[in-house]
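Structure first, commentary second.
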Amino acid sequence: MNIKVGILGATGNVGQRFIQMLENHPVFELEALGASQRSAGKTYKDACYWYQTEPIPEEIANATVVSTDPNDKAYEDVDIVFSALPADLAKTLEPEFAKAGKYVFSNASAMRMESDVPLIVPEVNPEHFGMLDVQKSNRCSDGAIITNPNCSTIGAVISLKPIMDKFGIDLVNITTMQAISGAGYSGVPSMAILDNMVPYIGGEEEKMQTEALKILGSIDGNNFKNGNFKIGVSCNRVPVIDGHTESIFVKTTEEATPEEIAKVMDDFDPLKGLNLPSYAKPIVLREENDRPQPRLDRNTGNGMSIVVGRVRKDPIFSVKYTALEHNTIRGAAGASVLNAELFVQKYL
Ligand SMILES: NC(=O)C1=CN([C@@H]2O[C@H](COP(=O)(O)OP(=O)(O)OC[C@H]3O[C@@H](n4cnc5c(N)ncnc54)[C@H](OP(=O)(O)O)[C@@H]3O)[C@@H](O)[C@H]2O)C=CC1
Ligand SMILES: N[C@@H](CC(=O)OP(=O)(O)O)C(=O)O
């Protein structure tokens, strides 16, 4: 089965990652490259400043960029759009695409916490796709919006899920060290970040705290119900190009040794049998004392695995460990594409 798809924000940092994830995809056929009026009408290679190390796929380089108007003819045969739009635009445009009958798989933060919009990590809460019927009925639309979380939230919830399922979780405390690509190409000036770190990322701590509780929660009737634990987060920007590192402290409900925690993380592989094209083992454990590191480990599982190391006892919490995710692959475009692959296989 081939499904025609489009990208909104195709010329941006995350849009480029979408193009890479969708190149030679066995199910999704890329049909529409949407961007601003500055870019629409130009060839992709002229409209976009390509930041990736691999060249622009040939068939994309000379394709014409279109607008992000859902009535644009380019979207006529498209069933799914992947959104890498700035959040303020996503807030108005994503509902318009859903209204036009499209399934919108969004990276943007705008709709994540809406009461009828699922915020999904396929390995963690696929049952939240169940909320789509409620959303369609609330919004009288044939299409729907499905979001994936903030890049730092993803690494946290994937690593917490097997611990929660086996031992329960009471408290979580996280300190992040986030790459500059998370803020976009011109988001952090080099003068601000070289020879430096910045102990603030606007809105990030609040997003991680609320999103983690939604994802690790359940569905109660027509509502989402938050997970039953407390979480506090502290976010920092560090001079790394790609790869968010997190230092995670967990107090479990039942006692657990670091070895037991490491084992449940290593065994965690819930979608293994489905053969989803972008799926990789969700957690890859490293035994060395000095791993994971962003430069060495971010491409593990083609950038789709969370790399966990230094699982050890903590005298205040139960256990602490370090987790790393590729923020623009697993934390953004890859997360959306995997959501769509699971949706098409199991829920469409
Ligand atoms: N899941 C996650 O945690 C992550 C999410 N993100 C989110 O993904 C989104 C994109 O981020 P990023 O790729 O870094 O951003 P960029 O600034 O690199 O790209 C923005 C894209 O949106 C397009 N765009 C801008 N203005 C308009 C407009 N008025 N109308 C139509 N299109 C427009 C741009 O087109 P043009 O080139 O023509 O200007 C470009 O394609 C953001 O919402 C960001 O927060 C990002 C990283 C990780
Ligand atoms: N704020 C994240 C990236 C991002 O865009 O997150 P969100 O999609 O939640 O706005 C970072 O800077 O690393």
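By convention in this document, the chains of the structure tokens carry letters A, B, ... by their order, each chain's residues are numbered from 1, and ligands are numbered from 1 in the order they are shown.
Residues with any atom within 7 Å of region 125-142 of chain A, counting only C-alpha atoms and excluding same-chain neighbours fewer than 3 positions away, are Ala98, Lys99, Gly101, Asp116, Val117, Pro118, Ile120, Val121, Pro122, Ile215, Ile219 and Asn222 of chain A.
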Which protein, DNA or RNA residues have an atom within 10 Å of ligand 2, counting only C-alpha atoms and all ligand atoms, as a PyMOL selection string? chain A and resi 14+84-87+106-110+112+147-153+176-184+187-188+200-208+211+235-237+242-244+327-328+331-332
Which of region 197-305 of chain A DSSP labels helix (DSSP H, G or I), written as a PyMOL selection string: chain A and resi 204-215+258-267+272-274+294-297
Okay, now the selection with N, CA and C atoms, as a CSV table (one decimal), in the first residue's frame?
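Listing of part24.csv after writing:
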```
chain,number,residue,atom,x,y,z
A,204,GLU,N,10.6,25.1,28.2
A,204,GLU,CA,11.0,23.7,28.0
A,204,GLU,C,10.7,22.9,29.3
A,205,GLU,N,11.0,23.4,30.4
A,205,GLU,CA,10.8,22.7,31.7
A,205,GLU,C,9.3,22.4,31.9
A,206,GLU,N,8.5,23.4,31.6
A,206,GLU,CA,7.0,23.2,31.8
A,206,GLU,C,6.5,22.2,30.8
A,207,LYS,N,7.0,22.3,29.5
A,207,LYS,CA,6.6,21.3,28.5
A,207,LYS,C,6.9,19.9,28.9
A,208,MET,N,8.2,19.7,29.3
A,208,MET,CA,8.6,18.3,29.7
A,208,MET,C,7.7,17.8,30.8
A,209,GLN,N,7.5,18.6,31.8
A,209,GLN,CA,6.7,18.1,33.0
A,209,GLN,C,5.3,17.8,32.6
A,210,THR,N,4.6,18.6,31.8
A,210,THR,CA,3.2,18.3,31.5
A,210,THR,C,3.1,17.2,30.5
A,211,GLU,N,4.0,17.2,29.5
A,211,GLU,CA,3.9,16.2,28.4
A,211,GLU,C,4.2,14.8,29.0
A,212,ALA,N,5.2,14.7,29.9
A,212,ALA,CA,5.5,13.3,30.4
A,212,ALA,C,4.3,12.8,31.2
A,213,LEU,N,3.6,13.6,31.9
A,213,LEU,CA,2.5,13.1,32.7
A,213,LEU,C,1.3,12.7,31.8
A,214,LYS,N,1.1,13.4,30.7
A,214,LYS,CA,0.1,13.0,29.7
A,214,LYS,C,0.4,11.7,29.1
A,215,ILE,N,1.7,11.6,28.6
A,215,ILE,CA,2.0,10.4,27.8
A,215,ILE,C,2.0,9.1,28.8
A,258,PRO,N,19.7,-1.3,40.6
A,258,PRO,CA,20.1,-0.8,39.2
A,258,PRO,C,20.2,-1.9,38.2
A,259,GLU,N,20.6,-3.1,38.6
A,259,GLU,CA,20.7,-4.2,37.7
A,259,GLU,C,19.3,-4.6,37.2
A,260,GLU,N,18.3,-4.6,38.1
A,260,GLU,CA,16.9,-4.9,37.7
A,260,GLU,C,16.3,-3.8,36.7
A,261,ILE,N,16.7,-2.5,37.1
A,261,ILE,CA,16.2,-1.4,36.2
A,261,ILE,C,16.8,-1.5,34.8
A,262,ALA,N,18.1,-1.8,34.8
A,262,ALA,CA,18.8,-1.9,33.5
A,262,ALA,C,18.2,-3.1,32.7
A,263,LYS,N,17.9,-4.1,33.3
A,263,LYS,CA,17.3,-5.3,32.6
A,263,LYS,C,15.9,-5.0,32.0
A,264,VAL,N,15.1,-4.3,32.8
A,264,VAL,CA,13.7,-4.0,32.2
A,264,VAL,C,13.9,-3.0,31.0
A,265,MET,N,14.9,-2.1,31.1
A,265,MET,CA,15.1,-1.2,30.0
A,265,MET,C,15.6,-2.0,28.8
A,266,ASP,N,16.5,-2.9,29.0
A,266,ASP,CA,17.1,-3.6,27.9
A,266,ASP,C,16.1,-4.5,27.2
A,267,ASP,N,15.2,-5.1,28.0
A,267,ASP,CA,14.2,-6.0,27.5
A,267,ASP,C,13.0,-5.3,26.8
A,272,LYS,N,8.4,-4.8,18.4
A,272,LYS,CA,9.4,-5.5,17.6
A,272,LYS,C,8.8,-6.3,16.5
A,273,GLY,N,7.6,-7.0,16.7
A,273,GLY,CA,7.0,-7.9,15.7
A,273,GLY,C,6.4,-7.1,14.6
A,274,LEU,N,6.2,-5.8,14.6
A,274,LEU,CA,5.4,-5.1,13.6
A,274,LEU,C,6.1,-4.7,12.4
A,294,PRO,N,26.9,12.5,23.1
A,294,PRO,CA,26.2,12.9,21.9
A,294,PRO,C,26.9,12.6,20.6
A,295,ARG,N,28.2,12.9,20.5
A,295,ARG,CA,28.9,12.8,19.2
A,295,ARG,C,29.1,11.3,18.9
A,296,LEU,N,29.2,10.5,19.9
A,296,LEU,CA,29.5,9.0,19.6
A,296,LEU,C,28.2,8.2,19.5
A,297,ASP,N,27.2,8.6,20.2
A,297,ASP,CA,26.0,7.7,20.3
A,297,ASP,C,24.7,8.2,19.7
```
Determine, counting only C-alpha atoms, which protein, DNA and RNA residues have an atom within 6 Å of an atom of region 79-83 of chain A; residues of the same chain fewer than 6 positions away are not included. Present the result as a ChimeraX atom specification. /A:4-8,102-107
Write out, as a short mmCIF file (atom, residue, chain, number, x, y, z; two decimals), in the first residue's frame, the residues just selected, with N, CA and C atoms.
```
data_model
loop_
_atom_site.label_atom_id
_atom_site.label_comp_id
_atom_site.auth_asym_id
_atom_site.auth_seq_id
_atom_site.Cartn_x
_atom_site.Cartn_y
_atom_site.Cartn_z
N LYS A 4 0.13 8.74 -0.07
CA LYS A 4 0.77 10.01 -0.45
C LYS A 4 0.80 10.94 0.77
N VAL A 5 1.97 11.56 0.95
CA VAL A 5 2.14 12.43 2.12
C VAL A 5 2.73 13.78 1.71
N GLY A 6 2.58 14.75 2.59
CA GLY A 6 3.19 16.06 2.38
C GLY A 6 3.94 16.48 3.64
N ILE A 7 4.77 17.50 3.50
CA ILE A 7 5.47 18.06 4.66
C ILE A 7 5.14 19.55 4.73
N LEU A 8 4.72 20.01 5.89
CA LEU A 8 4.51 21.45 6.11
C LEU A 8 5.74 21.97 6.85
N LYS A 102 -7.30 15.62 6.26
CA LYS A 102 -5.95 15.04 6.32
C LYS A 102 -5.63 14.58 7.75
N TYR A 103 -4.79 13.55 7.85
CA TYR A 103 -4.21 13.20 9.13
C TYR A 103 -2.92 14.00 9.27
N VAL A 104 -2.87 14.80 10.34
CA VAL A 104 -1.71 15.68 10.54
C VAL A 104 -0.84 15.09 11.65
N PHE A 105 0.38 14.71 11.31
CA PHE A 105 1.33 14.21 12.31
C PHE A 105 2.28 15.35 12.61
N SER A 106 2.13 15.92 13.80
CA SER A 106 2.80 17.19 14.10
C SER A 106 3.91 17.08 15.14
N ASN A 107 4.98 17.81 14.83
CA ASN A 107 6.10 18.00 15.74
C ASN A 107 5.96 19.21 16.61
#
```
Where in region 67-300 of chain A does DSSP assign strand (DSSP E or B), given as an mmCIF file with N, CA and C atoms, in the first residue's frame?
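selection_14.cif, freshly written:
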```cif
data_model
loop_
_atom_site.group_PDB
_atom_site.id
_atom_site.type_symbol
_atom_site.label_atom_id
_atom_site.label_comp_id
_atom_site.auth_asym_id
_atom_site.auth_seq_id
_atom_site.Cartn_x
_atom_site.Cartn_y
_atom_site.Cartn_z
ATOM 1 N N ILE A 80 -1.807 12.160 4.386
ATOM 2 C CA ILE A 80 -1.105 12.482 5.638
ATOM 3 C C ILE A 80 -0.203 13.690 5.406
ATOM 4 N N VAL A 81 -0.232 14.650 6.343
ATOM 5 C CA VAL A 81 0.797 15.695 6.299
ATOM 6 C C VAL A 81 1.619 15.645 7.580
ATOM 7 N N PHE A 82 2.921 15.771 7.420
ATOM 8 C CA PHE A 82 3.826 15.868 8.559
ATOM 9 C C PHE A 82 4.097 17.345 8.782
ATOM 10 N N SER A 83 3.901 17.797 10.013
ATOM 11 C CA SER A 83 4.058 19.230 10.262
ATOM 12 C C SER A 83 5.341 19.540 11.030
ATOM 13 N N TYR A 103 -4.792 13.551 7.845
ATOM 14 C CA TYR A 103 -4.215 13.199 9.134
ATOM 15 C C TYR A 103 -2.924 13.996 9.273
ATOM 16 N N VAL A 104 -2.866 14.795 10.337
ATOM 17 C CA VAL A 104 -1.715 15.682 10.544
ATOM 18 C C VAL A 104 -0.839 15.094 11.649
ATOM 19 N N PHE A 105 0.376 14.708 11.311
ATOM 20 C CA PHE A 105 1.326 14.211 12.309
ATOM 21 C C PHE A 105 2.282 15.354 12.612
ATOM 22 N N SER A 106 2.135 15.919 13.804
ATOM 23 C CA SER A 106 2.802 17.189 14.098
ATOM 24 C C SER A 106 3.909 17.082 15.135
ATOM 25 N N LEU A 119 -0.973 12.641 22.235
ATOM 26 C CA LEU A 119 0.460 12.978 22.262
ATOM 27 C C LEU A 119 1.160 11.632 22.383
ATOM 28 N N ALA A 144 -7.576 14.348 11.369
ATOM 29 C CA ALA A 144 -7.292 14.504 12.802
ATOM 30 C C ALA A 144 -5.824 14.896 12.995
ATOM 31 N N ILE A 145 -5.535 15.373 14.201
ATOM 32 C CA ILE A 145 -4.157 15.775 14.540
ATOM 33 C C ILE A 145 -3.576 14.799 15.560
ATOM 34 N N ILE A 146 -2.386 14.324 15.270
ATOM 35 C CA ILE A 146 -1.673 13.435 16.192
ATOM 36 C C ILE A 146 -0.321 14.106 16.437
ATOM 37 N N THR A 147 0.033 14.312 17.684
ATOM 38 C CA THR A 147 1.298 15.006 17.966
ATOM 39 C C THR A 147 2.343 14.052 18.543
ATOM 40 N N ILE A 169 6.437 4.262 39.603
ATOM 41 C CA ILE A 169 7.298 5.438 39.774
ATOM 42 C C ILE A 169 6.593 6.427 40.691
ATOM 43 N N ASP A 170 7.333 6.941 41.681
ATOM 44 C CA ASP A 170 6.771 7.981 42.555
ATOM 45 C C ASP A 170 7.298 9.367 42.188
ATOM 46 N N LEU A 171 8.610 9.454 41.964
ATOM 47 C CA LEU A 171 9.239 10.763 41.722
ATOM 48 C C LEU A 171 10.247 10.673 40.583
ATOM 49 N N VAL A 172 10.304 11.749 39.788
ATOM 50 C CA VAL A 172 11.313 11.820 38.728
ATOM 51 C C VAL A 172 11.936 13.216 38.762
ATOM 52 N N ASN A 173 13.253 13.272 38.649
ATOM 53 C CA ASN A 173 13.934 14.556 38.533
ATOM 54 C C ASN A 173 14.908 14.472 37.367
ATOM 55 N N ILE A 174 14.846 15.467 36.468
ATOM 56 C CA ILE A 174 15.662 15.402 35.254
ATOM 57 C C ILE A 174 16.420 16.713 35.044
ATOM 58 N N THR A 175 17.689 16.595 34.684
ATOM 59 C CA THR A 175 18.454 17.754 34.205
ATOM 60 C C THR A 175 18.861 17.454 32.768
ATOM 61 N N THR A 176 18.530 18.383 31.846
ATOM 62 C CA THR A 176 18.870 18.146 30.438
ATOM 63 C C THR A 176 20.086 18.978 30.026
ATOM 64 N N MET A 177 20.779 18.470 29.002
ATOM 65 C CA MET A 177 21.879 19.196 28.351
ATOM 66 C C MET A 177 21.553 19.133 26.862
ATOM 67 N N GLN A 178 20.909 20.192 26.331
ATOM 68 C CA GLN A 178 20.280 20.114 25.015
ATOM 69 C C GLN A 178 21.105 20.762 23.910
ATOM 70 N N VAL A 198 24.020 27.576 28.575
ATOM 71 C CA VAL A 198 22.979 28.535 28.973
ATOM 72 C C VAL A 198 21.939 27.787 29.816
ATOM 73 N N SER A 218 -3.219 7.708 31.282
ATOM 74 C CA SER A 218 -4.127 6.752 30.639
ATOM 75 C C SER A 218 -5.300 7.512 30.018
ATOM 76 N N ILE A 219 -6.224 6.754 29.456
ATOM 77 C CA ILE A 219 -7.462 7.370 28.952
ATOM 78 C C ILE A 219 -8.587 6.917 29.866
ATOM 79 N N ASP A 220 -9.359 7.897 30.331
ATOM 80 C CA ASP A 220 -10.466 7.617 31.236
ATOM 81 C C ASP A 220 -11.732 8.157 30.559
ATOM 82 N N ASN A 223 -11.481 11.321 28.300
ATOM 83 C CA ASN A 223 -10.453 12.250 28.786
ATOM 84 C C ASN A 223 -9.116 11.555 29.010
ATOM 85 N N PHE A 224 -8.062 12.369 28.906
ATOM 86 C CA PHE A 224 -6.744 11.869 29.306
ATOM 87 C C PHE A 224 -6.627 12.009 30.825
ATOM 88 N N LYS A 225 -5.965 11.029 31.441
ATOM 89 C CA LYS A 225 -5.736 11.102 32.889
ATOM 90 C C LYS A 225 -4.230 11.053 33.117
ATOM 91 N N LYS A 230 5.271 12.413 40.499
ATOM 92 C CA LYS A 230 5.694 13.832 40.442
ATOM 93 C C LYS A 230 6.971 13.942 39.617
ATOM 94 N N ILE A 231 7.068 15.032 38.863
ATOM 95 C CA ILE A 231 8.252 15.211 38.015
ATOM 96 C C ILE A 231 8.731 16.663 38.062
ATOM 97 N N GLY A 232 10.028 16.846 38.204
ATOM 98 C CA GLY A 232 10.648 18.173 38.147
ATOM 99 C C GLY A 232 11.788 18.144 37.144
ATOM 100 N N VAL A 233 11.938 19.224 36.372
ATOM 101 C CA VAL A 233 12.919 19.231 35.282
ATOM 102 C C VAL A 233 13.713 20.533 35.280
ATOM 103 N N SER A 234 14.981 20.436 34.912
ATOM 104 C CA SER A 234 15.822 21.615 34.758
ATOM 105 C C SER A 234 16.521 21.501 33.397
ATOM 106 N N CYS A 235 16.380 22.535 32.536
ATOM 107 C CA CYS A 235 16.865 22.421 31.143
ATOM 108 C C CYS A 235 18.016 23.381 30.858
ATOM 109 N N ASN A 236 19.012 22.887 30.148
ATOM 110 C CA ASN A 236 20.213 23.666 29.818
ATOM 111 C C ASN A 236 20.564 23.505 28.350
ATOM 112 N N ARG A 237 21.103 24.564 27.752
ATOM 113 C CA ARG A 237 21.589 24.496 26.362
ATOM 114 C C ARG A 237 23.106 24.355 26.405
ATOM 115 N N HIS A 244 20.406 15.393 22.553
ATOM 116 C CA HIS A 244 20.085 15.897 23.897
ATOM 117 C C HIS A 244 20.451 14.817 24.926
ATOM 118 N N THR A 245 21.203 15.225 25.941
ATOM 119 C CA THR A 245 21.591 14.299 27.018
ATOM 120 C C THR A 245 20.784 14.655 28.262
ATOM 121 N N GLU A 246 20.368 13.626 29.007
ATOM 122 C CA GLU A 246 19.564 13.882 30.202
ATOM 123 C C GLU A 246 20.085 13.049 31.365
ATOM 124 N N SER A 247 20.167 13.707 32.511
ATOM 125 C CA SER A 247 20.543 13.011 33.732
ATOM 126 C C SER A 247 19.233 12.786 34.492
ATOM 127 N N ILE A 248 18.831 11.517 34.656
ATOM 128 C CA ILE A 248 17.475 11.205 35.148
ATOM 129 C C ILE A 248 17.554 10.459 36.480
ATOM 130 N N PHE A 249 16.840 10.985 37.474
ATOM 131 C CA PHE A 249 16.782 10.378 38.805
ATOM 132 C C PHE A 249 15.353 9.873 39.016
ATOM 133 N N VAL A 250 15.224 8.627 39.484
ATOM 134 C CA VAL A 250 13.884 8.042 39.631
ATOM 135 C C VAL A 250 13.736 7.405 41.008
ATOM 136 N N LYS A 251 12.622 7.710 41.674
ATOM 137 C CA LYS A 251 12.275 6.976 42.907
ATOM 138 C C LYS A 251 11.148 6.028 42.531
ATOM 139 N N THR A 252 11.428 4.749 42.623
ATOM 140 C CA THR A 252 10.421 3.754 42.237
ATOM 141 C C THR A 252 9.481 3.469 43.407
ATOM 142 N N ILE A 283 15.559 1.196 23.457
ATOM 143 C CA ILE A 283 16.601 1.566 24.428
ATOM 144 C C ILE A 283 17.831 0.697 24.189
ATOM 145 N N VAL A 284 18.948 1.350 23.955
ATOM 146 C CA VAL A 284 20.216 0.627 23.821
ATOM 147 C C VAL A 284 21.065 0.984 25.030
ATOM 148 N N LEU A 285 21.456 -0.034 25.784
ATOM 149 C CA LEU A 285 22.224 0.203 27.012
ATOM 150 C C LEU A 285 23.719 0.183 26.732
#
```
Interatomic distance (Å, one decimal) between CA of Val65 (chain A) and atom 20 (C, counted along the ligand's line) of ligand 1: 13.4 Å
Selection near Glu58 (chain A), 12 Å with only C-alpha atoms, sequence-local residues under 2 positions removed, as an MDAnalysis selection string: chainID A and resid 19:20 23:24 43:45 54:56 60:63
Just to be explicit: take each residue in the selection above, keep N, CA and C atoms, and write the result as a compact mmCIF listing (two decimals), in the first residue's frame.
```
# COMPACT_ATOMS: atom_id res chain seq x y z
N ILE A 19 12.41 14.86 5.14
CA ILE A 19 12.76 14.45 3.78
C ILE A 19 13.69 13.24 3.82
N GLN A 20 14.66 13.27 4.72
CA GLN A 20 15.58 12.14 4.83
C GLN A 20 14.87 10.87 5.30
N GLU A 23 12.78 9.37 2.40
CA GLU A 23 13.45 8.97 1.15
C GLU A 23 13.38 7.44 1.03
N ASN A 24 12.91 6.96 -0.10
CA ASN A 24 12.77 5.51 -0.36
C ASN A 24 11.90 4.81 0.68
N THR A 43 12.27 26.05 -6.78
CA THR A 43 12.68 24.65 -6.62
C THR A 43 13.16 24.50 -5.18
N TYR A 44 13.08 23.25 -4.69
CA TYR A 44 13.45 23.02 -3.30
C TYR A 44 14.90 23.46 -3.04
N LYS A 45 15.80 23.14 -3.98
CA LYS A 45 17.22 23.46 -3.71
C LYS A 45 17.45 24.97 -3.67
N GLU A 54 24.31 14.60 4.35
CA GLU A 54 24.00 13.90 3.10
C GLU A 54 23.41 14.93 2.13
N PRO A 55 23.63 14.75 0.80
CA PRO A 55 23.04 15.73 -0.13
C PRO A 55 21.51 15.65 -0.18
N ILE A 56 20.89 16.67 -0.75
CA ILE A 56 19.43 16.66 -0.93
C ILE A 56 19.09 15.50 -1.88
N ILE A 60 14.01 15.40 -4.90
CA ILE A 60 13.49 16.51 -4.09
C ILE A 60 14.14 17.82 -4.54
N ALA A 61 15.40 17.79 -4.87
CA ALA A 61 16.16 19.02 -5.15
C ALA A 61 15.46 19.88 -6.20
N ASN A 62 14.91 19.23 -7.23
CA ASN A 62 14.29 20.01 -8.31
C ASN A 62 12.77 20.07 -8.23
N ALA A 63 12.20 19.53 -7.17
CA ALA A 63 10.73 19.61 -7.00
C ALA A 63 10.36 21.04 -6.63
```
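Of the listed residues (A:Val78, A:Leu30, A:Ala35, A:Leu160), A:Ala35 comes nearest to ligand 1; the distances count only C-alpha atoms and all ligand atoms.
A straight line drawn from CA of Glu123 (chain A) to CA of Gly155 (chain A) is 11.6 Å long.
Separating CA of Cys48 (chain A) from atom 39 (O, counted along the ligand's line) of ligand 1 is a distance of 8.3 Å.
Considering only C-alpha atoms and all ligand atoms, the residue among A:Val307, A:Ala100, A:Ala333, A:Leu348 positioned nearest to ligand 1 is A:Ala333.
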Need the shell around Glu341 (chain A): protein/DNA/RNA residues with any atom at most 9 Å away, counting only C-alpha atoms. Skip same-chain ones fewer than 2 positions apart. Format as JSON, numbers by chain? {"A": [27, 28, 276, 277, 278, 336, 337, 338, 339, 343, 344, 345, 346]}
Mind dumping the selected residues with N, CA and C atoms as a PDB file, in the first residue's frame?
```pdb
ATOM      1  N   VAL A  27       6.216   2.796   2.364  1.00  0.00           N
ATOM      2  CA  VAL A  27       4.767   3.053   2.451  1.00  0.00           C
ATOM      3  C   VAL A  27       4.410   4.484   2.041  1.00  0.00           C
ATOM      4  N   PHE A  28       5.221   5.443   2.451  1.00  0.00           N
ATOM      5  CA  PHE A  28       4.870   6.846   2.231  1.00  0.00           C
ATOM      6  C   PHE A  28       5.555   7.406   0.987  1.00  0.00           C
ATOM      7  N   LEU A 276       7.847  -2.115  11.599  1.00  0.00           N
ATOM      8  CA  LEU A 276       7.649  -0.727  11.157  1.00  0.00           C
ATOM      9  C   LEU A 276       8.971  -0.238  10.564  1.00  0.00           C
ATOM     10  N   PRO A 277       8.945   0.384   9.378  1.00  0.00           N
ATOM     11  CA  PRO A 277      10.198   0.721   8.687  1.00  0.00           C
ATOM     12  C   PRO A 277      11.168   1.574   9.506  1.00  0.00           C
ATOM     13  N   SER A 278      10.675   2.483  10.326  1.00  0.00           N
ATOM     14  CA  SER A 278      11.592   3.370  11.063  1.00  0.00           C
ATOM     15  C   SER A 278      11.883   2.891  12.482  1.00  0.00           C
ATOM     16  N   SER A 336       7.546  11.470  14.461  1.00  0.00           N
ATOM     17  CA  SER A 336       6.305  11.651  13.697  1.00  0.00           C
ATOM     18  C   SER A 336       6.119  10.545  12.668  1.00  0.00           C
ATOM     19  N   VAL A 337       7.208  10.212  11.973  1.00  0.00           N
ATOM     20  CA  VAL A 337       7.105   9.185  10.927  1.00  0.00           C
ATOM     21  C   VAL A 337       6.752   7.842  11.570  1.00  0.00           C
ATOM     22  N   LEU A 338       7.370   7.526  12.710  1.00  0.00           N
ATOM     23  CA  LEU A 338       7.045   6.264  13.392  1.00  0.00           C
ATOM     24  C   LEU A 338       5.587   6.261  13.868  1.00  0.00           C
ATOM     25  N   ASN A 339       5.118   7.386  14.362  1.00  0.00           N
ATOM     26  CA  ASN A 339       3.694   7.482  14.739  1.00  0.00           C
ATOM     27  C   ASN A 339       2.812   7.155  13.543  1.00  0.00           C
ATOM     28  N   PHE A 343       0.217   4.083  12.977  1.00  0.00           N
ATOM     29  CA  PHE A 343      -1.186   4.449  12.718  1.00  0.00           C
ATOM     30  C   PHE A 343      -1.708   3.743  11.460  1.00  0.00           C
ATOM     31  N   VAL A 344      -0.912   3.802  10.401  1.00  0.00           N
ATOM     32  CA  VAL A 344      -1.347   3.210   9.126  1.00  0.00           C
ATOM     33  C   VAL A 344      -1.477   1.695   9.279  1.00  0.00           C
ATOM     34  N   GLN A 345      -0.541   1.095  10.006  1.00  0.00           N
ATOM     35  CA  GLN A 345      -0.590  -0.364  10.133  1.00  0.00           C
ATOM     36  C   GLN A 345      -1.704  -0.839  11.059  1.00  0.00           C
ATOM     37  N   LYS A 346      -1.983  -0.109  12.137  1.00  0.00           N
ATOM     38  CA  LYS A 346      -2.908  -0.643  13.146  1.00  0.00           C
ATOM     39  C   LYS A 346      -4.207   0.118  13.334  1.00  0.00           C
TER      40      LYS A 346
END
```
Within 8 Å of Ala47 (chain A) using only C-alpha atoms, minus same-chain residues under 4 positions, as number ranges by chain: A: 11, 38-40, 42-43, 65
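Taking only C-alpha atoms and all ligand atoms into account, ligand 1 lies nearest to A:Ser67 out of the set A:Met1, A:Ser67, A:Glu59, A:Val157.
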